[in-house]
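Contents: one structure, followed by commentary.
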Amino acid sequence: MNTEKRLTKAYKEATIEYFDKDSKYIIFSDIHRGDDSVSDEFARNQAIFLHALNHYYNNGYILVEAGDGDELWEHKNFKHIRLAHKDVFIAMKKFHDEGRLRILYGNHNIFLKNLDYVRNNYYQFYDEYEQKKVDLFKGLKPIEALVLKHRVTDQEILIVHGHQGDFINDQFWYVSMLLLRYFWRFLHVVGFENPSSPARNMYKRHKVEKNYNKWIKKHKIMLICGHTHRAKFPKKGELPYFNTGCCINTRGIPGIEIANDQVLMVDWRIKADDSGVMHIERTVVRGPEPIEIYDIRNTNINTVKTPTMQMQ
């Protein structure tokens, strides 16, 4: 099934959530939490991510993980991931307990599509110190797609992971998972890249992004996704394709915020002040822009520009 069919299916079956100018969302994707071994690329950014979560929790945001939150392709036992990033899960639990957590599954955490897997791994865990079962994300129902629909204008924003229609990471995902878990994972540690991943393959990334834009052009719906690991924030007059980027880069963590009927891209990273003291800083790198300028329902699609996809 190609991108057009898969994205359309995801859109039609998506969970719909209404929002307005008082709603606040932070969208992260491709966090790839691992087991804190040498292959865990998120580990170096754990402190930054935790600080960002505390900021968004204290400021009333809804946390959306748009797929690949946990690296379940490499690590078949979720327990090892939970133990490695215990503080992060405690912070996420605060969102969940207040109904402010939305978990989407991508290709690397496709197992969350199975509710039995979610019940057995995410609802509770055995606390060895307390020697009893403790709730984690009890009642969690991961989804493939989320549609944010504006209460006043009816403008829609489709949020998905973005692997839909990427054959080797979608329909062929099981074979790709085995190759990563037992082969590419170890080669990556010494510098070799997995060619099946759009995050590592420039040609594949370009192709995936081109398919996203074709879908947006046809359906006239704003799209926010991840998967390619390349952050994207369109200019005014371009197709409304947004990409959150990923949380495993050495240069910080990007995310997309929606608040006050505006959308913006932020970057969280460690910086040093003039005295050399290190601190974590949030920087707005794109926007804010009114969400309504990305509403192309009544626009002549031929006048909307398709972004140039740089091979980088």
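Letters for chains follow the order of the structure tokens (A, B, ...), residue numbers begin at 1 for each chain, and ligand numbers begin at 1 in the order shown.
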Selection: 9 Å around Gly287 in chain A, only C-alpha atoms, excl. self and same-chain fewer than 5 positions, as a ChimeraX atom specification: /A:233,262-266
Name the residues in contact with range 137-154 of chain A at a cut-off of 7 Å, using only C-alpha atoms, excluding same-chain residues fewer than 3 positions from it; report them as a PyMOL selection string. chain A and resi 10-11+14-20+93+96+103-105+112-113+122-124+157-160
Please run DSSP on the backbone and report, as an NGL selection string, all residues within range 94-296 of chain A that come out as strand (DSSP E or B). :A and (101-104 or 124-127 or 132-135 or 143 or 145-150 or 156-160 or 222-225 or 232 or 238 or 241-243 or 253-259 or 262-272 or 278-290)
Can I get the selected residues back with C-alpha atoms, as a PDB file, in the first residue's frame?
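Contents of out_16.pdb, as written:
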ATOM      1  CA  LEU A 101      -0.484  12.360  27.198  1.00  0.00           C
ATOM      2  CA  ARG A 102      -1.012  11.222  23.606  1.00  0.00           C
ATOM      3  CA  ILE A 103       1.100   8.315  22.366  1.00  0.00           C
ATOM      4  CA  LEU A 104       1.241   7.511  18.653  1.00  0.00           C
ATOM      5  CA  GLN A 124       2.023  -1.419  35.404  1.00  0.00           C
ATOM      6  CA  PHE A 125       5.475  -2.568  36.423  1.00  0.00           C
ATOM      7  CA  TYR A 126       6.895  -4.439  39.369  1.00  0.00           C
ATOM      8  CA  ASP A 127       8.735  -2.094  41.706  1.00  0.00           C
ATOM      9  CA  LYS A 132       4.681  -4.587  44.504  1.00  0.00           C
ATOM     10  CA  LYS A 133       3.097  -3.646  41.204  1.00  0.00           C
ATOM     11  CA  VAL A 134       2.940   0.078  40.526  1.00  0.00           C
ATOM     12  CA  ASP A 135       0.841   1.883  37.919  1.00  0.00           C
ATOM     13  CA  ILE A 143      -3.069   5.405  18.303  1.00  0.00           C
ATOM     14  CA  ALA A 145      -3.067   9.080  13.973  1.00  0.00           C
ATOM     15  CA  LEU A 146      -4.407  12.139  15.746  1.00  0.00           C
ATOM     16  CA  VAL A 147      -6.464  14.859  14.073  1.00  0.00           C
ATOM     17  CA  LEU A 148      -6.576  18.195  15.852  1.00  0.00           C
ATOM     18  CA  LYS A 149      -9.713  20.020  14.724  1.00  0.00           C
ATOM     19  CA  HIS A 150     -10.235  23.687  15.503  1.00  0.00           C
ATOM     20  CA  GLU A 156      -7.669  20.099  10.730  1.00  0.00           C
ATOM     21  CA  ILE A 157      -4.114  19.118  11.583  1.00  0.00           C
ATOM     22  CA  LEU A 158      -3.144  15.496  10.949  1.00  0.00           C
ATOM     23  CA  ILE A 159      -0.433  14.113  13.229  1.00  0.00           C
ATOM     24  CA  VAL A 160       1.143  10.761  12.341  1.00  0.00           C
ATOM     25  CA  MET A 222      -1.866  20.415   7.412  1.00  0.00           C
ATOM     26  CA  LEU A 223       0.479  17.533   8.328  1.00  0.00           C
ATOM     27  CA  ILE A 224       2.828  17.135  11.289  1.00  0.00           C
ATOM     28  CA  CYS A 225       5.019  14.027  11.421  1.00  0.00           C
ATOM     29  CA  LYS A 232      10.840  21.041   8.756  1.00  0.00           C
ATOM     30  CA  GLU A 238       4.346  26.639   1.005  1.00  0.00           C
ATOM     31  CA  TYR A 241       4.262  19.999   5.848  1.00  0.00           C
ATOM     32  CA  PHE A 242       5.844  20.087   9.307  1.00  0.00           C
ATOM     33  CA  ASN A 243       8.401  17.654  10.692  1.00  0.00           C
ATOM     34  CA  ILE A 253      16.087  18.376  20.819  1.00  0.00           C
ATOM     35  CA  PRO A 254      13.598  20.020  18.434  1.00  0.00           C
ATOM     36  CA  GLY A 255       9.849  20.052  18.911  1.00  0.00           C
ATOM     37  CA  ILE A 256       6.726  21.705  17.542  1.00  0.00           C
ATOM     38  CA  GLU A 257       4.508  23.745  19.839  1.00  0.00           C
ATOM     39  CA  ILE A 258       0.901  24.734  19.237  1.00  0.00           C
ATOM     40  CA  ALA A 259      -0.459  27.451  21.521  1.00  0.00           C
ATOM     41  CA  GLN A 262      -0.071  29.640  16.643  1.00  0.00           C
ATOM     42  CA  VAL A 263       2.506  27.053  15.637  1.00  0.00           C
ATOM     43  CA  LEU A 264       6.236  27.310  16.251  1.00  0.00           C
ATOM     44  CA  MET A 265       9.352  25.169  16.236  1.00  0.00           C
ATOM     45  CA  VAL A 266      11.595  25.178  19.277  1.00  0.00           C
ATOM     46  CA  ASP A 267      14.991  23.761  20.057  1.00  0.00           C
ATOM     47  CA  TRP A 268      16.199  22.625  23.470  1.00  0.00           C
ATOM     48  CA  ARG A 269      19.938  22.371  24.034  1.00  0.00           C
ATOM     49  CA  ILE A 270      22.728  22.825  26.553  1.00  0.00           C
ATOM     50  CA  LYS A 271      24.499  26.173  26.333  1.00  0.00           C
ATOM     51  CA  ALA A 272      27.153  27.962  28.346  1.00  0.00           C
ATOM     52  CA  MET A 278      26.109  25.218  31.546  1.00  0.00           C
ATOM     53  CA  HIS A 279      22.330  25.425  31.386  1.00  0.00           C
ATOM     54  CA  ILE A 280      19.470  24.112  29.254  1.00  0.00           C
ATOM     55  CA  GLU A 281      17.849  26.703  27.028  1.00  0.00           C
ATOM     56  CA  ARG A 282      14.690  26.764  24.904  1.00  0.00           C
ATOM     57  CA  THR A 283      15.049  28.684  21.643  1.00  0.00           C
ATOM     58  CA  VAL A 284      12.336  29.488  19.115  1.00  0.00           C
ATOM     59  CA  VAL A 285      13.863  28.641  15.729  1.00  0.00           C
ATOM     60  CA  ARG A 286      10.809  29.072  13.462  1.00  0.00           C
ATOM     61  CA  GLY A 287       7.601  31.009  13.948  1.00  0.00           C
ATOM     62  CA  PRO A 288       5.378  31.644  15.704  1.00  0.00           C
ATOM     63  CA  GLU A 289       2.940  31.708  12.799  1.00  0.00           C
ATOM     64  CA  PRO A 290      -0.871  31.767  12.921  1.00  0.00           C
TER      65      PRO A 290
END
In Å, with one decimal, what is the gap from CA of Ile48 in chain A to CA of Gly252 in chain A? 7.7 Å
I'd like the contact shell of Glu71 in chain A - 9 Å cut-off, only C-alpha atoms, skipping same-chain residues fewer than 3 positions apart - returned as JSON, numbers by chain. {"A": [30, 31, 32, 33, 34, 35, 40, 68, 74, 75, 76, 78, 81, 108, 109]}
Which residue gives the smallest distance to Gly60 in chain A among A:Ser23, A:Thr306, A:Thr299, A:Thr250, with only C-alpha atoms counted?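 Once distances to Gly60 in chain A are computed over only C-alpha atoms, the minimum belongs to A:Ser23.
Here CA of Thr3 in chain A and CA of Gln164 in chain A stand 5.7 Å from one another.
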